[in-house]
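Asks: Pasting a structure below so you can have a look.
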Number of protein chains: 2
Amino acid sequence: MKALRFYGGKDIRLEDIPEPAPGPKQVKIKVKWCGICGSDVHEYLAGPILIPVKRPHPLTGRQAPITGGHEFSGEIVAMGDNVAQFKVGDRVTVRPTMPCYQCYYCKKGQHIQCEMLGSIGGAADGAFADYVVAPVDNVYKLPDSVSYEAGSFVEPLACCVHAVKRGRMEPGAAVAVIGAGPIGLLTMQSALACGASDVFIFEFLPERMRLAKELGATEVINPKEGNPGKIIASLTSGRRADMVFECAGPGEALLLADTVCGRGGTIVEVGLMTEPFKFPFSNLFLREKSIITSQGYVDEFPAAIAFLGNGKVKCDPMMISSKVKVEDALEKGIKELTSERKLQHCKILVSPEL
Amino acid sequence: MKALRFYGGKDIRLEDIPEPAPGPKQVKIKVKWCGICGSDVHEYLAGPILIPVKRPHPLTGRQAPITGGHEFSGEIVAMGDNVAQFKVGDRVTVRPTMPCYQCYYCKKGQHIQCEMLGSIGGAADGAFADYVVAPVDNVYKLPDSVSYEAGSFVEPLACCVHAVKRGRMEPGAAVAVIGAGPIGLLTMQSALACGASDVFIFEFLPERMRLAKELGATEVINPKEGNPGKIIASLTSGRRADMVFECAGPGEALLLADTVCGRGGTIVEVGLMTEPFKFPFSNLFLREKSIITSQGYVDEFPAAIAFLGNGKVKCDPMMISSKVKVEDALEKGIKELTSERKLQHCKILVSPEL
């Protein structure tokens, strides 16, 4: 079968490899759609990061080359021994994280902190391919109301639902979201689905501003026009946002988050800030504000599937900016997202069936 | 009566003023002891900060000169009309904060965020004097097991209990505290009283290290000797601290807090950092750590009184480094805490009865 394999930084190859066979408690899945994640682009540009190159991963025993792709949906086509809860033909999505279930963090239920955490598309073969195998522990059925396209959004959406949970958002909260990329748009919808009264989204790219409005933002604010602090104050009877999700990344975005966050409020950092940044912590302290980081998920897959199924979160087709073949996933997908056109994209989906 | 009055930055005067008379729902208190807080020193050095100088405080109608002092204990000697719950002779302490009870934050129970918050010793006369009046809403009885000296520690201790609550510390948490000044020592004891399994305190001043050990620290670590990250890891089976209370203030202390905080952990910022600081936020993000700030209290006075009463928190006499008369409170108290001897002190108590 065809598979897009990560060898290391800037070394991704399309190869023909044998179809995988499901072992005990595993299923074989015919891939329908697999989204390209920012981490795939980061792995290509700055890797190896997650892909074990020098030595085998302690949990999976695998090392590069490894097939990428971890945001996917598909249909079960074969099963290994001891698989009771699924059958051939089931429409599914897969939680890629594979915790050890033995370390301090796993025992506490904080699997995302697992000391040996592996992942499908990172330490085991992923879904930029015709087929993928996954342990049954990781597989979730999709209801008929969730298209295969939408099914490939379950994984990033789970990150966003996790962010809402990490921030302990209260019902009726006035929420601000910094950045209307894929994570910002899914976080905005998650916050609304989880009981936010309003979501104010800060974005300056016209197409992303339009999409945010279409997907339910209460107001879309261009932070380059006017004074963001005064604008959010005018929209919240002066109190500003109770909770801010920073989904952009740069230090300036965290400063903006601080500006629009009200007293006693919480900033949830969802974007990855790579460089140390000079930050006015006294602003936080004097108004008793907090910065909570959110990374990945523990098990927010059922909630994410439910929100897609009942229409509280929409992604298909609005958030899909392009659909490409596995054969084109490097040139028209990953490399496209490193080009100057990257901000014109929302989510690029890859399929072996195109 | 004698009173130490704040006129503005570097302008504090000992004056003879009339004794205050309690209005309706107020009591008159004979001051026994009043601690000097870092904020009193800050008000002297860099003020006016809390003291309204240019216009009257919107809630109290008062402006400078205002008598300082907000960490105090005393005995009720007179009562205004409509005071049912206290009697002359009651031993009491006072929560200095006076919220408006009308704004968004007060209605939510977040009084410390009150948009008009006033305080005794800030926007109303405080306890660097023979007598002080206080609204009954702010007065708490001291049990016989709490000395008047210890009663003057209730206010700073309430800040520390609040910090533990803000951080949502879990039972059995491995805790680190950065800095063994008065707030660090009270926070350490609060964490132990609230269920921490161990508290590791980072301090380099020999006298403070000794005091931390005497007051119950599991281990006292000098961060200037050896590698703090490796030391805390060796004390926690490799996982480092679940929760870190940063009670020192400088940016370097926050970096140390980050170093000793384990995956998924929480840093509670209790110290006031005044300057913007370059911070590696990616360290937080990749290990899903958070920075929660804690300022003041809402109503942690009952808990603080209980912990002093049952001996879970100790302060008298170990944490009292000096006792001075009101007449000497400026020269031997506030100015002493701006001198090069400041780090030799723990808490300086002031009394009008000496």
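The chains in the structure tokens are called A, B, ... from first to last as shown; in each chain the residues are counted from 1, and the ligands are counted from 1 in the order shown.
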Determine which residues of stretch 110-206 of chain A DSSP labels as alpha helix (DSSP H) from the backbone of this structure, then write them out as a ChimeraX atom specification.
Replies: /A:148-151,154-166,182-193,206
Asks: Just the residues within 6 Å of B:Gly69, please, counting only C-alpha atoms, with nothing from its chain fewer than 3 positions along; format it as a ChimeraX atom specification.
Replies: /B:121,126-128
Asks: May I have the residues within 8 Å of stretch 232-236 of chain A as a PyMOL selection string, using only C-alpha atoms and disregarding those fewer than 5 positions away in the same chain?
Replies: chain A and resi 174+200+241+260
Asks: Just the selected residues (C-alpha atoms), exported as a PDB file, in the first residue's frame, please.
Replies:
ATOM      1  CA  ALA A 174     -17.882  35.595  28.469  1.00  0.00           C
ATOM      2  CA  PHE A 200     -15.458  37.152  21.029  1.00  0.00           C
ATOM      3  CA  ALA A 241     -13.560  38.282  29.243  1.00  0.00           C
ATOM      4  CA  VAL A 260      -8.775  41.260  27.036  1.00  0.00           C
TER       5      VAL A 260
END
Asks: Taking only C-alpha atoms into account, what are the residues of chain B at most 6 Å from chain A, put as a ChimeraX atom specification?
Replies: /B:273-274,276-280,282,285,288-294
Asks: Report, in Å to a single decimal, how far apart atom CA of B:Ser190 and atom CA of B:Thr259 are.
Replies: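 For atom CA of B:Thr259 relative to atom CA of B:Ser190, the distance reads 22.4 Å.
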Asks: At a cut-off of 9 Å, using only C-alpha atoms, what residues contact A:Phe153? Leave out same-chain residues fewer than 3 positions from it and give the result as a tab-separated table (two decimals) with C-alpha atoms, in the first residue's frame.
Replies:
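As written to disk, result.tsv reads:
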chain	number	residue	atom	x	y	z
A	34	CYS	CA	-6.69	12.25	7.72
A	35	GLY	CA	-6.14	15.90	8.60
A	71	GLU	CA	-6.28	13.02	12.82
A	72	PHE	CA	-8.28	10.39	11.00
A	73	SER	CA	-11.46	8.48	10.32
A	149	GLU	CA	-14.69	14.20	6.91
A	150	ALA	CA	-16.00	15.43	10.26
A	156	PRO	CA	-8.20	18.35	17.14
A	157	LEU	CA	-11.66	19.02	18.57
A	158	ALA	CA	-10.81	16.81	21.57
A	304	ALA	CA	-16.01	15.75	20.71
A	308	LEU	CA	-20.06	16.94	16.00
A	315	CYS	CA	-16.46	21.72	10.48
A	316	ASP	CA	-17.61	19.94	7.30
Asks: Find the residues near B:Gly172: any atom within 9 Å, counting only C-alpha atoms, skip ones fewer than 5 places away on the same chain, and give them as an mmCIF file with C-alpha atoms, in the first residue's frame.
Replies:
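Result file is selection.cif:
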data_model
loop_
_atom_site.group_PDB
_atom_site.id
_atom_site.type_symbol
_atom_site.label_atom_id
_atom_site.label_comp_id
_atom_site.auth_asym_id
_atom_site.auth_seq_id
_atom_site.Cartn_x
_atom_site.Cartn_y
_atom_site.Cartn_z
ATOM 1 C CA GLY B 195 -3.140 17.944 53.304
ATOM 2 C CA ALA B 196 0.204 18.230 51.519
ATOM 3 C CA SER B 197 2.269 15.098 52.008
ATOM 4 C CA ASP B 198 5.567 16.975 51.987
#
Asks: Work out how far atom CA of B:Cys37 is from atom CA of B:Phe204, in Å to one decimal.
Replies: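 Answer for the atom CA of B:Phe204 to atom CA of B:Cys37 separation: 21.8 Å.
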Asks: Using atom CA of A:Gln189 and atom CA of A:Ile201 as the two end points, give the distance in Å to one decimal.
Replies: 10.9 Å
Asks: For B:Pro24, find every residue with an atom within 12 Å (counting only C-alpha atoms), except residues of its own chain fewer than 3 positions away, and show them as a PyMOL selection string.
Replies: chain B and resi 21+27-28+78-84+133-137
Asks: Got time to write the residues from that selection, all heavy atoms, as an mmCIF file, in the first residue's frame?
Replies:
data_model
loop_
_atom_site.group_PDB
_atom_site.id
_atom_site.type_symbol
_atom_site.label_atom_id
_atom_site.label_comp_id
_atom_site.auth_asym_id
_atom_site.auth_seq_id
_atom_site.Cartn_x
_atom_site.Cartn_y
_atom_site.Cartn_z
ATOM 1 N N ALA B 21 -14.966 56.996 67.201
ATOM 2 C CA ALA B 21 -16.203 56.530 67.837
ATOM 3 C C ALA B 21 -16.893 55.554 66.891
ATOM 4 O O ALA B 21 -16.960 55.814 65.690
ATOM 5 C CB ALA B 21 -17.112 57.712 68.116
ATOM 6 N N VAL B 27 -17.671 48.343 65.733
ATOM 7 C CA VAL B 27 -17.137 48.188 67.085
ATOM 8 C C VAL B 27 -15.844 48.989 67.192
ATOM 9 O O VAL B 27 -15.148 49.225 66.198
ATOM 10 C CB VAL B 27 -16.853 46.700 67.433
ATOM 11 C CG1 VAL B 27 -18.148 45.888 67.425
ATOM 12 C CG2 VAL B 27 -15.828 46.089 66.489
ATOM 13 N N LYS B 28 -15.546 49.408 68.423
ATOM 14 C CA LYS B 28 -14.278 50.090 68.696
ATOM 15 C C LYS B 28 -13.357 49.070 69.354
ATOM 16 O O LYS B 28 -13.758 48.384 70.309
ATOM 17 C CB LYS B 28 -14.507 51.274 69.629
ATOM 18 C CG LYS B 28 -13.246 52.043 70.012
ATOM 19 C CD LYS B 28 -13.593 53.196 70.960
ATOM 20 C CE LYS B 28 -12.344 53.937 71.433
ATOM 21 N NZ LYS B 28 -12.694 55.001 72.394
ATOM 22 N N ALA B 78 -15.914 49.150 72.910
ATOM 23 C CA ALA B 78 -17.176 49.899 72.781
ATOM 24 C C ALA B 78 -17.877 49.445 71.509
ATOM 25 O O ALA B 78 -17.235 48.906 70.597
ATOM 26 C CB ALA B 78 -16.904 51.405 72.730
ATOM 27 N N MET B 79 -19.180 49.659 71.478
ATOM 28 C CA MET B 79 -19.932 49.213 70.308
ATOM 29 C C MET B 79 -20.897 50.292 69.867
ATOM 30 O O MET B 79 -21.450 51.026 70.699
ATOM 31 C CB MET B 79 -20.702 47.942 70.653
ATOM 32 C CG MET B 79 -19.748 46.791 70.981
ATOM 33 S SD MET B 79 -20.589 45.231 71.164
ATOM 34 C CE MET B 79 -21.527 45.598 72.612
ATOM 35 N N GLY B 80 -21.114 50.401 68.560
ATOM 36 C CA GLY B 80 -22.123 51.301 68.035
ATOM 37 C C GLY B 80 -23.501 50.645 68.133
ATOM 38 O O GLY B 80 -23.643 49.561 68.710
ATOM 39 N N ASP B 81 -24.504 51.281 67.536
ATOM 40 C CA ASP B 81 -25.852 50.702 67.543
ATOM 41 C C ASP B 81 -25.907 49.441 66.678
ATOM 42 O O ASP B 81 -25.119 49.269 65.747
ATOM 43 C CB ASP B 81 -26.850 51.727 66.986
ATOM 44 C CG ASP B 81 -26.973 52.930 67.920
ATOM 45 O OD1 ASP B 81 -26.679 52.774 69.125
ATOM 46 O OD2 ASP B 81 -27.339 54.018 67.416
ATOM 47 N N ASN B 82 -26.871 48.598 67.011
ATOM 48 C CA ASN B 82 -27.169 47.413 66.192
ATOM 49 C C ASN B 82 -25.992 46.457 66.044
ATOM 50 O O ASN B 82 -25.691 45.972 64.954
ATOM 51 C CB ASN B 82 -27.641 47.828 64.793
ATOM 52 C CG ASN B 82 -28.967 48.573 64.851
ATOM 53 O OD1 ASN B 82 -29.897 48.157 65.551
ATOM 54 N ND2 ASN B 82 -29.047 49.692 64.151
ATOM 55 N N VAL B 83 -25.299 46.207 67.146
ATOM 56 C CA VAL B 83 -24.252 45.184 67.136
ATOM 57 C C VAL B 83 -24.691 44.074 68.087
ATOM 58 O O VAL B 83 -24.658 44.233 69.304
ATOM 59 C CB VAL B 83 -22.892 45.743 67.598
ATOM 60 C CG1 VAL B 83 -21.842 44.627 67.629
ATOM 61 C CG2 VAL B 83 -22.445 46.867 66.671
ATOM 62 N N ALA B 84 -25.157 42.977 67.526
ATOM 63 C CA ALA B 84 -25.711 41.916 68.377
ATOM 64 C C ALA B 84 -24.694 40.818 68.657
ATOM 65 O O ALA B 84 -24.698 40.203 69.720
ATOM 66 C CB ALA B 84 -26.948 41.324 67.714
ATOM 67 N N VAL B 133 -11.726 51.494 64.664
ATOM 68 C CA VAL B 133 -13.103 51.007 64.561
ATOM 69 C C VAL B 133 -13.208 50.142 63.310
ATOM 70 O O VAL B 133 -12.484 50.344 62.325
ATOM 71 C CB VAL B 133 -14.165 52.139 64.494
ATOM 72 C CG1 VAL B 133 -14.198 52.936 65.788
ATOM 73 C CG2 VAL B 133 -13.957 53.012 63.286
ATOM 74 N N ALA B 134 -14.121 49.153 63.378
ATOM 75 C CA ALA B 134 -14.300 48.245 62.249
ATOM 76 C C ALA B 134 -15.773 47.865 62.136
ATOM 77 O O ALA B 134 -16.460 47.721 63.163
ATOM 78 C CB ALA B 134 -13.462 46.986 62.445
ATOM 79 N N PRO B 135 -16.261 47.692 60.903
ATOM 80 C CA PRO B 135 -17.640 47.215 60.723
ATOM 81 C C PRO B 135 -17.753 45.778 61.251
ATOM 82 O O PRO B 135 -16.804 44.989 61.120
ATOM 83 C CB PRO B 135 -17.829 47.234 59.204
ATOM 84 C CG PRO B 135 -16.716 48.057 58.654
ATOM 85 C CD PRO B 135 -15.591 47.928 59.617
ATOM 86 N N VAL B 136 -18.891 45.422 61.843
ATOM 87 C CA VAL B 136 -19.035 44.072 62.401
ATOM 88 C C VAL B 136 -18.835 42.987 61.341
ATOM 89 O O VAL B 136 -18.374 41.891 61.655
ATOM 90 C CB VAL B 136 -20.408 43.874 63.089
ATOM 91 C CG1 VAL B 136 -20.461 44.653 64.391
ATOM 92 C CG2 VAL B 136 -21.549 44.249 62.174
ATOM 93 N N ASP B 137 -19.181 43.300 60.087
ATOM 94 C CA ASP B 137 -18.976 42.310 59.013
ATOM 95 C C ASP B 137 -17.524 41.843 58.938
ATOM 96 O O ASP B 137 -17.235 40.762 58.425
ATOM 97 C CB ASP B 137 -19.319 42.922 57.640
ATOM 98 C CG ASP B 137 -20.801 43.194 57.478
ATOM 99 O OD1 ASP B 137 -21.588 42.821 58.373
ATOM 100 O OD2 ASP B 137 -21.161 43.795 56.451
#
Asks: If we count only C-alpha atoms, what is near stretch 209-225 of chain B at a cut-off of 12 Å, once residues fewer than 6 positions away on the same chain are taken out, given as a ChimeraX atom specification?
Replies: /B:174-193,196-203,231-232,234-236,252-253,255-257,259-260,311-321,344-346
Asks: I need the residues from that last selection saved to file as a tab-separated table (two decimals), in the first residue's frame (with C-alpha atoms), if you can.
Replies:
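After the write, selection-v3.tsv holds the following:
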chain	number	residue	atom	x	y	z
B	174	ALA	CA	4.18	17.06	47.06
B	175	VAL	CA	4.64	20.80	47.49
B	176	ALA	CA	7.56	23.16	46.98
B	177	VAL	CA	7.71	26.68	48.39
B	178	ILE	CA	10.12	29.26	47.01
B	179	GLY	CA	11.25	31.63	49.76
B	180	ALA	CA	10.97	31.34	53.55
B	181	GLY	CA	9.95	34.87	54.44
B	182	PRO	CA	6.76	35.37	56.45
B	183	ILE	CA	4.47	34.49	53.54
B	184	GLY	CA	6.58	31.47	52.51
B	185	LEU	CA	6.59	30.13	56.07
B	186	LEU	CA	2.85	30.59	56.49
B	187	THR	CA	2.15	29.11	53.06
B	188	MET	CA	4.32	26.10	53.86
B	189	GLN	CA	2.35	25.51	57.05
B	190	SER	CA	-0.99	26.13	55.29
B	191	ALA	CA	-0.14	23.54	52.65
B	192	LEU	CA	0.73	20.99	55.35
B	193	ALA	CA	-2.45	21.86	57.29
B	196	ALA	CA	0.20	18.23	51.52
B	197	SER	CA	2.27	15.10	52.01
B	198	ASP	CA	5.57	16.97	51.99
B	199	VAL	CA	6.72	20.55	51.67
B	200	PHE	CA	10.15	21.28	50.26
B	201	ILE	CA	11.24	24.84	50.84
B	202	PHE	CA	13.89	26.66	48.80
B	203	GLU	CA	15.75	29.35	50.72
B	231	ILE	CA	17.35	17.66	44.13
B	232	ILE	CA	13.56	17.90	44.02
B	234	SER	CA	15.46	12.85	44.00
B	235	LEU	CA	13.00	13.68	46.79
B	236	THR	CA	9.87	12.81	44.78
B	252	GLU	CA	14.39	34.29	38.97
B	253	ALA	CA	12.14	32.82	41.66
B	255	LEU	CA	12.15	30.33	36.91
B	256	LEU	CA	13.10	28.23	39.94
B	257	ALA	CA	9.41	27.46	40.51
B	259	THR	CA	12.26	24.08	37.36
B	260	VAL	CA	10.99	22.30	40.45
B	311	GLY	CA	-1.64	24.47	66.38
B	312	LYS	CA	-1.40	23.33	62.76
B	313	VAL	CA	0.14	26.72	62.01
B	314	LYS	CA	2.68	28.18	64.40
B	315	CYS	CA	3.90	31.77	64.44
B	316	ASP	CA	4.16	32.95	68.07
B	317	PRO	CA	6.94	33.45	69.04
B	318	MET	CA	9.10	31.89	66.27
B	319	MET	CA	8.05	34.19	63.45
B	320	ILE	CA	8.18	37.40	65.47
B	321	SER	CA	11.60	38.93	64.95
B	344	GLN	CA	17.27	39.29	58.92
B	345	HIS	CA	13.68	39.96	59.95
B	346	CYS	CA	10.66	37.74	59.82
Asks: Give the answer as one residue: which of A:Cys103, A:Val146, A:Val132, A:Leu50 has the shortest atom-to-atom distance to A:Gly118, using only C-alpha atoms?
Replies: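 Comparing A:Cys103, A:Val146, A:Val132, A:Leu50 against A:Gly118, the winner is A:Leu50.
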Asks: From the DSSP assignment of the backbone, select every residue of stretch 40-106 of chain A that is strand (DSSP E or B), and format the answer as a ChimeraX atom specification.
Replies: /A:66-67,71-79,91-94,97-98
Asks: Give me, as a tab-separated table, each residue of stretch 191-276 of chain A that comes within 12 Å of stretch 340-343 of chain A, together with its shortest interatomic pair and the distance in Å at one decimal, counting only C-alpha atoms, with rows ordered by chain and rising residue number.
Replies:
residue	atom	partner	partner_atom	distance
A:Glu203	CA	A:Leu343	CA	11.6
A:Phe204	CA	A:Leu343	CA	10.9
A:Leu205	CA	A:Leu343	CA	8.1
A:Pro206	CA	A:Leu343	CA	10.6
A:Glu207	CA	A:Leu343	CA	9.3
A:Arg208	CA	A:Leu343	CA	8.7
A:Ala248	CA	A:Leu343	CA	11.6
Asks: For N, CA, C and O atoms, I'd like the residues from the last selection saved as a PDB file, in the first residue's frame.
Replies:
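Generated file (result18.pdb):
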ATOM      1  N   GLU A 203      -9.071  38.251  15.403  1.00  0.00           N
ATOM      2  CA  GLU A 203      -8.417  37.740  14.191  1.00  0.00           C
ATOM      3  C   GLU A 203      -8.350  38.885  13.199  1.00  0.00           C
ATOM      4  O   GLU A 203      -9.227  39.740  13.180  1.00  0.00           O
ATOM      5  N   PHE A 204      -7.269  38.907  12.398  1.00  0.00           N
ATOM      6  CA  PHE A 204      -7.169  40.014  11.442  1.00  0.00           C
ATOM      7  C   PHE A 204      -7.212  39.571   9.979  1.00  0.00           C
ATOM      8  O   PHE A 204      -7.311  40.410   9.093  1.00  0.00           O
ATOM      9  N   LEU A 205      -7.153  38.251   9.703  1.00  0.00           N
ATOM     10  CA  LEU A 205      -7.226  37.802   8.314  1.00  0.00           C
ATOM     11  C   LEU A 205      -8.691  37.740   7.873  1.00  0.00           C
ATOM     12  O   LEU A 205      -9.508  37.066   8.512  1.00  0.00           O
ATOM     13  N   PRO A 206      -9.024  38.427   6.775  1.00  0.00           N
ATOM     14  CA  PRO A 206     -10.436  38.552   6.379  1.00  0.00           C
ATOM     15  C   PRO A 206     -11.156  37.205   6.233  1.00  0.00           C
ATOM     16  O   PRO A 206     -12.272  37.049   6.717  1.00  0.00           O
ATOM     17  N   GLU A 207     -10.527  36.232   5.601  1.00  0.00           N
ATOM     18  CA  GLU A 207     -11.206  34.954   5.374  1.00  0.00           C
ATOM     19  C   GLU A 207     -11.467  34.236   6.697  1.00  0.00           C
ATOM     20  O   GLU A 207     -12.533  33.641   6.907  1.00  0.00           O
ATOM     21  N   ARG A 208     -10.518  34.300   7.608  1.00  0.00           N
ATOM     22  CA  ARG A 208     -10.702  33.664   8.919  1.00  0.00           C
ATOM     23  C   ARG A 208     -11.758  34.413   9.734  1.00  0.00           C
ATOM     24  O   ARG A 208     -12.522  33.800  10.476  1.00  0.00           O
ATOM     25  N   ALA A 248      -3.135  31.244  19.129  1.00  0.00           N
ATOM     26  CA  ALA A 248      -2.324  31.750  18.027  1.00  0.00           C
ATOM     27  C   ALA A 248      -0.859  31.365  18.185  1.00  0.00           C
ATOM     28  O   ALA A 248      -0.253  30.841  17.264  1.00  0.00           O
TER      29      ALA A 248
END
Asks: Using only C-alpha atoms, pick whichever of A:Val164, A:Val326, A:Ser152, A:Ile348 has the shortest atom-to-atom distance to A:Ile305.
Replies: A:Ser152
Asks: Given the choices B:Cys159, B:Val154, B:Ile29, B:Met1, which gets closest to B:Lys87 if the distance is worked out from only C-alpha atoms?
Replies: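 Of the candidates, the smallest distance to B:Lys87 is held by B:Ile29.
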